[in-house]
Amino acid sequence: MRYWLFKTEPDAFSWEMQKDRGAKGEPWSGVRNWQAARNMKEMKKGDRGFFYHTGDEKRIVGIVEVIGEYRKDPTDETGKFGLVDVKAVRDVPTPVTLAQCKADPKLKDMVLVKVSRLSVQPVTEAEWNHICKLGGVR
């Protein structure tokens, strides 16, 4: 299993909206960045990801699971980009902020810290485990 981080503007699509989709999940559409698209192409069913609110919040608020692998994004008129499907798994009891990640020496090399604008990014197993601990995920 691999780990990822999915960023979204909570005004456009929030963690609560993701949870409301239930077991059927939601297509992670609208990605128009080549590196983010390459990251999604590497995803496999069962991979886990952090659900991250951008904007004023800048914090990890939930955990999702990839339930559908990379396929064409019907919202992309050019036909160049794709999407994956994700479903909510659980809340992060104590959301982990970007400021916490930047201040934590164990997360200094995390993509979120170094390339914070990338909308879909990989997370190492060590980073995953550390953030889960910080967030109270058992």
# chains A, B, ... in the order shown; residues from 1 in each chain; ligands from 1
>>> residues_around(residues="region 30-42 of chain A", least_positions_apart="5", cutoff="8 Å", atoms="only C-alpha atoms", output="list in words")
Glu69, Tyr70, Asp73, Thr75, Asp76, Phe81, Gly82, Leu83, Val84, Leu118, Ser119, Val120, Gln121 and Pro122 of chain A
>>> write_last_selection(atoms="N, CA and C atoms", output="short mmCIF file (atom, residue, chain, number, x, y, z; two decimals), in the first residue's frame")
data_model
loop_
_atom_site.label_atom_id
_atom_site.label_comp_id
_atom_site.auth_asym_id
_atom_site.auth_seq_id
_atom_site.Cartn_x
_atom_site.Cartn_y
_atom_site.Cartn_z
N GLU A 69 -9.18 3.09 -9.70
CA GLU A 69 -7.89 3.52 -10.25
C GLU A 69 -8.07 4.49 -11.41
N TYR A 70 -6.97 5.07 -11.82
CA TYR A 70 -6.91 6.16 -12.80
C TYR A 70 -7.70 5.84 -14.07
N ASP A 73 -10.89 11.65 -17.08
CA ASP A 73 -11.71 12.62 -16.34
C ASP A 73 -12.72 13.23 -17.31
N THR A 75 -14.60 15.63 -16.97
CA THR A 75 -14.67 17.10 -16.88
C THR A 75 -13.55 17.78 -17.66
N ASP A 76 -12.61 16.99 -18.19
CA ASP A 76 -11.49 17.54 -18.95
C ASP A 76 -11.82 17.52 -20.44
N PHE A 81 -6.32 14.59 -19.06
CA PHE A 81 -6.19 14.31 -17.63
C PHE A 81 -7.20 13.27 -17.17
N GLY A 82 -6.88 12.66 -16.04
CA GLY A 82 -7.73 11.61 -15.49
C GLY A 82 -8.09 11.87 -14.04
N LEU A 83 -8.66 10.84 -13.42
CA LEU A 83 -9.08 10.93 -12.03
C LEU A 83 -8.99 9.57 -11.38
N VAL A 84 -9.11 9.55 -10.07
CA VAL A 84 -9.27 8.33 -9.30
C VAL A 84 -10.52 8.52 -8.45
N LEU A 118 1.25 21.58 -4.74
CA LEU A 118 0.90 20.39 -5.51
C LEU A 118 -0.37 19.75 -4.93
N SER A 119 -1.39 19.57 -5.77
CA SER A 119 -2.71 19.17 -5.29
C SER A 119 -2.86 17.69 -4.92
N VAL A 120 -2.06 16.83 -5.53
CA VAL A 120 -2.07 15.41 -5.20
C VAL A 120 -0.61 15.00 -5.09
N GLN A 121 -0.23 14.52 -3.91
CA GLN A 121 1.19 14.27 -3.67
C GLN A 121 1.42 13.01 -2.87
N PRO A 122 2.61 12.42 -3.03
CA PRO A 122 2.94 11.22 -2.27
C PRO A 122 3.30 11.56 -0.82
#
>>> residues_around(residues="region 85-88 of chain A", least_positions_apart="3", cutoff="9 Å", atoms="only C-alpha atoms", output="list of chain:residue names")
A:Trp15, A:Gln18, A:Lys19, A:Asp20, A:Arg21, A:Gly22, A:Ala23, A:Lys24, A:Gly25, A:Glu26, A:Pro27, A:Trp28, A:Ser29, A:Arg48, A:Gly49, A:Phe51, A:Gly62, A:Ile63, A:Val64, A:Glu65, A:Val66, A:Ile67, A:Gly68, A:Glu69, A:Tyr70, A:Asp91
>>> write_last_selection(atoms="C-alpha atoms", output="CSV table (one decimal), in the first residue's frame")
chain,number,residue,atom,x,y,z
A,15,TRP,CA,-14.4,16.6,4.2
A,18,GLN,CA,-16.6,13.5,1.1
A,19,LYS,CA,-18.1,11.6,4.1
A,20,ASP,CA,-21.6,12.2,2.8
A,21,ARG,CA,-20.7,10.2,-0.4
A,22,GLY,CA,-20.4,7.1,1.7
A,23,ALA,CA,-19.1,3.8,0.3
A,24,LYS,CA,-19.7,4.9,-3.3
A,25,GLY,CA,-17.0,7.5,-2.8
A,26,GLU,CA,-16.3,10.4,-5.2
A,27,PRO,CA,-14.3,10.9,-8.3
A,28,TRP,CA,-11.2,13.1,-7.6
A,29,SER,CA,-11.7,15.2,-10.8
A,48,ARG,CA,-4.7,5.5,1.6
A,49,GLY,CA,-4.6,9.3,1.5
A,51,PHE,CA,-7.7,14.6,3.0
A,62,GLY,CA,-9.5,13.0,7.2
A,63,ILE,CA,-8.3,9.8,5.6
A,64,VAL,CA,-9.6,8.4,2.3
A,65,GLU,CA,-9.1,5.2,0.4
A,66,VAL,CA,-8.6,4.8,-3.3
A,67,ILE,CA,-11.5,2.7,-4.6
A,68,GLY,CA,-11.1,3.3,-8.3
A,69,GLU,CA,-7.9,3.5,-10.3
A,70,TYR,CA,-6.9,6.2,-12.8
A,91,ASP,CA,-11.8,11.6,10.5
>>> select_by_dssp(residues="region 2-60 of chain A", states="alpha helix (DSSP H)", output="PDB file with N, CA and C atoms, in the first residue's frame")
ATOM      1  N   TRP A  15     -14.435  17.954   3.528  1.00  0.00           N
ATOM      2  CA  TRP A  15     -14.376  16.637   4.152  1.00  0.00           C
ATOM      3  C   TRP A  15     -15.790  16.139   4.474  1.00  0.00           C
ATOM      4  N   GLU A  16     -16.648  17.012   4.948  1.00  0.00           N
ATOM      5  CA  GLU A  16     -18.030  16.623   5.243  1.00  0.00           C
ATOM      6  C   GLU A  16     -18.733  16.135   3.979  1.00  0.00           C
ATOM      7  N   MET A  17     -18.494  16.802   2.861  1.00  0.00           N
ATOM      8  CA  MET A  17     -19.084  16.375   1.590  1.00  0.00           C
ATOM      9  C   MET A  17     -18.549  15.006   1.186  1.00  0.00           C
ATOM     10  N   GLN A  18     -17.244  14.795   1.373  1.00  0.00           N
ATOM     11  CA  GLN A  18     -16.641  13.493   1.052  1.00  0.00           C
ATOM     12  C   GLN A  18     -17.289  12.401   1.897  1.00  0.00           C
ATOM     13  N   LYS A  19     -17.448  12.642   3.190  1.00  0.00           N
ATOM     14  CA  LYS A  19     -18.060  11.643   4.066  1.00  0.00           C
ATOM     15  C   LYS A  19     -19.500  11.353   3.651  1.00  0.00           C
ATOM     16  N   ASP A  20     -20.213  12.386   3.210  1.00  0.00           N
ATOM     17  CA  ASP A  20     -21.608  12.212   2.784  1.00  0.00           C
ATOM     18  C   ASP A  20     -21.733  11.281   1.581  1.00  0.00           C
ATOM     19  N   TRP A  34       0.328  18.265 -14.296  1.00  0.00           N
ATOM     20  CA  TRP A  34       0.922  17.019 -14.807  1.00  0.00           C
ATOM     21  C   TRP A  34       1.522  16.162 -13.703  1.00  0.00           C
ATOM     22  N   GLN A  35       2.196  16.762 -12.731  1.00  0.00           N
ATOM     23  CA  GLN A  35       2.790  15.964 -11.650  1.00  0.00           C
ATOM     24  C   GLN A  35       1.704  15.327 -10.792  1.00  0.00           C
ATOM     25  N   ALA A  36       0.660  16.072 -10.484  1.00  0.00           N
ATOM     26  CA  ALA A  36      -0.451  15.509  -9.710  1.00  0.00           C
ATOM     27  C   ALA A  36      -1.110  14.368 -10.482  1.00  0.00           C
ATOM     28  N   ALA A  37      -1.270  14.534 -11.792  1.00  0.00           N
ATOM     29  CA  ALA A  37      -1.860  13.477 -12.625  1.00  0.00           C
ATOM     30  C   ALA A  37      -0.973  12.233 -12.631  1.00  0.00           C
ATOM     31  N   ARG A  38       0.349  12.424 -12.721  1.00  0.00           N
ATOM     32  CA  ARG A  38       1.268  11.276 -12.673  1.00  0.00           C
ATOM     33  C   ARG A  38       1.138  10.551 -11.336  1.00  0.00           C
ATOM     34  N   ASN A  39       0.987  11.316 -10.261  1.00  0.00           N
ATOM     35  CA  ASN A  39       0.812  10.696  -8.949  1.00  0.00           C
ATOM     36  C   ASN A  39      -0.454   9.841  -8.926  1.00  0.00           C
ATOM     37  N   MET A  40      -1.541  10.349  -9.495  1.00  0.00           N
ATOM     38  CA  MET A  40      -2.787   9.578  -9.506  1.00  0.00           C
ATOM     39  C   MET A  40      -2.661   8.322 -10.361  1.00  0.00           C
ATOM     40  N   LYS A  41      -1.879   8.384 -11.430  1.00  0.00           N
ATOM     41  CA  LYS A  41      -1.676   7.200 -12.276  1.00  0.00           C
ATOM     42  C   LYS A  41      -0.997   6.069 -11.505  1.00  0.00           C
TER      43      LYS A  41
END
>>> residues_around(residues="Val61 (chain A)", least_positions_apart="6", cutoff="12 Å", atoms="only C-alpha atoms", output="PyMOL selection string")
chain A and resi 5-8+10+14-16+18-19+49-54+88-98+131-132+134-137
>>> atom_distance(atom1="CA of Gln100 (chain A)", atom2="CA of Asp11 (chain A)")
22.6 Å
>>> closest_residue(among="A:Gly55, A:Val111, A:Asn129, A:Thr124", to="Phe13 (chain A)", atoms="only C-alpha atoms")
A:Gly55
>>> select_by_dssp(residues="region 5-80 of chain A", states="strand (DSSP E)", output="ChimeraX atom specification")
/A:5-8,26-27,48-53,59-72
>>> atom_distance(atom1="CA of Met1 (chain A)", atom2="CA of Glu125 (chain A)")
9.2 Å
>>> atom_distance(atom1="CA of Leu112 (chain A)", atom2="CA of Arg71 (chain A)")
24.9 Å
>>> decode(residues="region 61-72 of chain A", atoms="all heavy atoms", output="PDB file, in the first residue's frame")
ATOM      1  N   VAL A  61      -7.570  16.756   7.633  1.00  0.00           N
ATOM      2  CA  VAL A  61      -8.791  16.567   8.419  1.00  0.00           C
ATOM      3  C   VAL A  61      -9.369  15.158   8.338  1.00  0.00           C
ATOM      4  O   VAL A  61     -10.233  14.805   9.138  1.00  0.00           O
ATOM      5  CB  VAL A  61      -9.873  17.592   8.009  1.00  0.00           C
ATOM      6  CG1 VAL A  61      -9.428  19.005   8.353  1.00  0.00           C
ATOM      7  CG2 VAL A  61     -10.214  17.482   6.529  1.00  0.00           C
ATOM      8  N   GLY A  62      -8.920  14.357   7.368  1.00  0.00           N
ATOM      9  CA  GLY A  62      -9.485  13.026   7.223  1.00  0.00           C
ATOM     10  C   GLY A  62      -8.581  12.081   6.458  1.00  0.00           C
ATOM     11  O   GLY A  62      -7.523  12.475   5.963  1.00  0.00           O
ATOM     12  N   ILE A  63      -9.043  10.832   6.373  1.00  0.00           N
ATOM     13  CA  ILE A  63      -8.333   9.785   5.640  1.00  0.00           C
ATOM     14  C   ILE A  63      -9.296   9.171   4.630  1.00  0.00           C
ATOM     15  O   ILE A  63     -10.445   8.854   4.966  1.00  0.00           O
ATOM     16  CB  ILE A  63      -7.785   8.706   6.591  1.00  0.00           C
ATOM     17  CG1 ILE A  63      -6.704   9.327   7.492  1.00  0.00           C
ATOM     18  CG2 ILE A  63      -7.231   7.513   5.818  1.00  0.00           C
ATOM     19  CD1 ILE A  63      -6.160   8.400   8.563  1.00  0.00           C
ATOM     20  N   VAL A  64      -8.807   9.032   3.393  1.00  0.00           N
ATOM     21  CA  VAL A  64      -9.582   8.420   2.320  1.00  0.00           C
ATOM     22  C   VAL A  64      -8.864   7.169   1.815  1.00  0.00           C
ATOM     23  O   VAL A  64      -7.681   6.979   2.071  1.00  0.00           O
ATOM     24  CB  VAL A  64      -9.811   9.404   1.137  1.00  0.00           C
ATOM     25  CG1 VAL A  64     -10.688  10.570   1.553  1.00  0.00           C
ATOM     26  CG2 VAL A  64      -8.502   9.883   0.545  1.00  0.00           C
ATOM     27  N   GLU A  65      -9.629   6.357   1.090  1.00  0.00           N
ATOM     28  CA  GLU A  65      -9.082   5.160   0.443  1.00  0.00           C
ATOM     29  C   GLU A  65      -9.360   5.253  -1.054  1.00  0.00           C
ATOM     30  O   GLU A  65     -10.460   5.653  -1.457  1.00  0.00           O
ATOM     31  CB  GLU A  65      -9.746   3.913   1.009  1.00  0.00           C
ATOM     32  CG  GLU A  65      -9.266   2.621   0.378  1.00  0.00           C
ATOM     33  CD  GLU A  65      -9.945   1.403   0.952  1.00  0.00           C
ATOM     34  OE1 GLU A  65     -10.372   1.433   2.128  1.00  0.00           O
ATOM     35  OE2 GLU A  65     -10.054   0.401   0.220  1.00  0.00           O
ATOM     36  N   VAL A  66      -8.377   4.870  -1.850  1.00  0.00           N
ATOM     37  CA  VAL A  66      -8.573   4.816  -3.299  1.00  0.00           C
ATOM     38  C   VAL A  66      -9.425   3.584  -3.606  1.00  0.00           C
ATOM     39  O   VAL A  66      -9.049   2.466  -3.259  1.00  0.00           O
ATOM     40  CB  VAL A  66      -7.219   4.749  -4.047  1.00  0.00           C
ATOM     41  CG1 VAL A  66      -7.439   4.590  -5.549  1.00  0.00           C
ATOM     42  CG2 VAL A  66      -6.374   5.985  -3.753  1.00  0.00           C
ATOM     43  N   ILE A  67     -10.588   3.810  -4.238  1.00  0.00           N
ATOM     44  CA  ILE A  67     -11.491   2.696  -4.563  1.00  0.00           C
ATOM     45  C   ILE A  67     -11.644   2.500  -6.074  1.00  0.00           C
ATOM     46  O   ILE A  67     -12.244   1.526  -6.513  1.00  0.00           O
ATOM     47  CB  ILE A  67     -12.875   2.876  -3.899  1.00  0.00           C
ATOM     48  CG1 ILE A  67     -13.540   4.174  -4.343  1.00  0.00           C
ATOM     49  CG2 ILE A  67     -12.748   2.791  -2.383  1.00  0.00           C
ATOM     50  CD1 ILE A  67     -14.991   4.313  -3.894  1.00  0.00           C
ATOM     51  N   GLY A  68     -11.107   3.431  -6.852  1.00  0.00           N
ATOM     52  CA  GLY A  68     -11.138   3.307  -8.305  1.00  0.00           C
ATOM     53  C   GLY A  68      -9.871   3.881  -8.890  1.00  0.00           C
ATOM     54  O   GLY A  68      -9.506   5.022  -8.595  1.00  0.00           O
ATOM     55  N   GLU A  69      -9.178   3.086  -9.701  1.00  0.00           N
ATOM     56  CA  GLU A  69      -7.892   3.517 -10.255  1.00  0.00           C
ATOM     57  C   GLU A  69      -8.070   4.495 -11.406  1.00  0.00           C
ATOM     58  O   GLU A  69      -9.180   4.713 -11.901  1.00  0.00           O
ATOM     59  CB  GLU A  69      -7.078   2.283 -10.667  1.00  0.00           C
ATOM     60  CG  GLU A  69      -6.697   1.461  -9.444  1.00  0.00           C
ATOM     61  CD  GLU A  69      -5.883   0.220  -9.756  1.00  0.00           C
ATOM     62  OE1 GLU A  69      -5.442   0.029 -10.915  1.00  0.00           O
ATOM     63  OE2 GLU A  69      -5.676  -0.579  -8.823  1.00  0.00           O
ATOM     64  N   TYR A  70      -6.968   5.074 -11.822  1.00  0.00           N
ATOM     65  CA  TYR A  70      -6.911   6.157 -12.805  1.00  0.00           C
ATOM     66  C   TYR A  70      -7.703   5.845 -14.071  1.00  0.00           C
ATOM     67  O   TYR A  70      -7.582   4.766 -14.646  1.00  0.00           O
ATOM     68  CB  TYR A  70      -5.454   6.423 -13.168  1.00  0.00           C
ATOM     69  CG  TYR A  70      -5.209   7.713 -13.906  1.00  0.00           C
ATOM     70  CD1 TYR A  70      -5.112   8.907 -13.217  1.00  0.00           C
ATOM     71  CD2 TYR A  70      -5.063   7.728 -15.284  1.00  0.00           C
ATOM     72  CE1 TYR A  70      -4.870  10.103 -13.884  1.00  0.00           C
ATOM     73  CE2 TYR A  70      -4.822   8.923 -15.959  1.00  0.00           C
ATOM     74  CZ  TYR A  70      -4.726  10.103 -15.247  1.00  0.00           C
ATOM     75  OH  TYR A  70      -4.493  11.275 -15.909  1.00  0.00           O
ATOM     76  N   ARG A  71      -8.526   6.805 -14.451  1.00  0.00           N
ATOM     77  CA  ARG A  71      -9.307   6.716 -15.686  1.00  0.00           C
ATOM     78  C   ARG A  71      -9.529   8.125 -16.210  1.00  0.00           C
ATOM     79  O   ARG A  71      -9.214   9.102 -15.527  1.00  0.00           O
ATOM     80  CB  ARG A  71     -10.637   6.004 -15.448  1.00  0.00           C
ATOM     81  CG  ARG A  71     -11.551   6.704 -14.439  1.00  0.00           C
ATOM     82  CD  ARG A  71     -12.794   5.867 -14.156  1.00  0.00           C
ATOM     83  NE  ARG A  71     -13.509   6.328 -12.997  1.00  0.00           N
ATOM     84  CZ  ARG A  71     -14.462   7.257 -12.989  1.00  0.00           C
ATOM     85  NH1 ARG A  71     -14.810   7.848 -14.116  1.00  0.00           N
ATOM     86  NH2 ARG A  71     -15.063   7.602 -11.880  1.00  0.00           N
ATOM     87  N   LYS A  72     -10.053   8.219 -17.395  1.00  0.00           N
ATOM     88  CA  LYS A  72     -10.286   9.512 -18.037  1.00  0.00           C
ATOM     89  C   LYS A  72     -11.223  10.373 -17.184  1.00  0.00           C
ATOM     90  O   LYS A  72     -12.214   9.891 -16.654  1.00  0.00           O
ATOM     91  CB  LYS A  72     -10.893   9.302 -19.427  1.00  0.00           C
ATOM     92  CG  LYS A  72     -11.090  10.575 -20.199  1.00  0.00           C
ATOM     93  CD  LYS A  72     -11.638  10.308 -21.581  1.00  0.00           C
ATOM     94  CE  LYS A  72     -11.878  11.630 -22.279  1.00  0.00           C
ATOM     95  NZ  LYS A  72     -12.390  11.462 -23.622  1.00  0.00           N
TER      96      LYS A  72
END
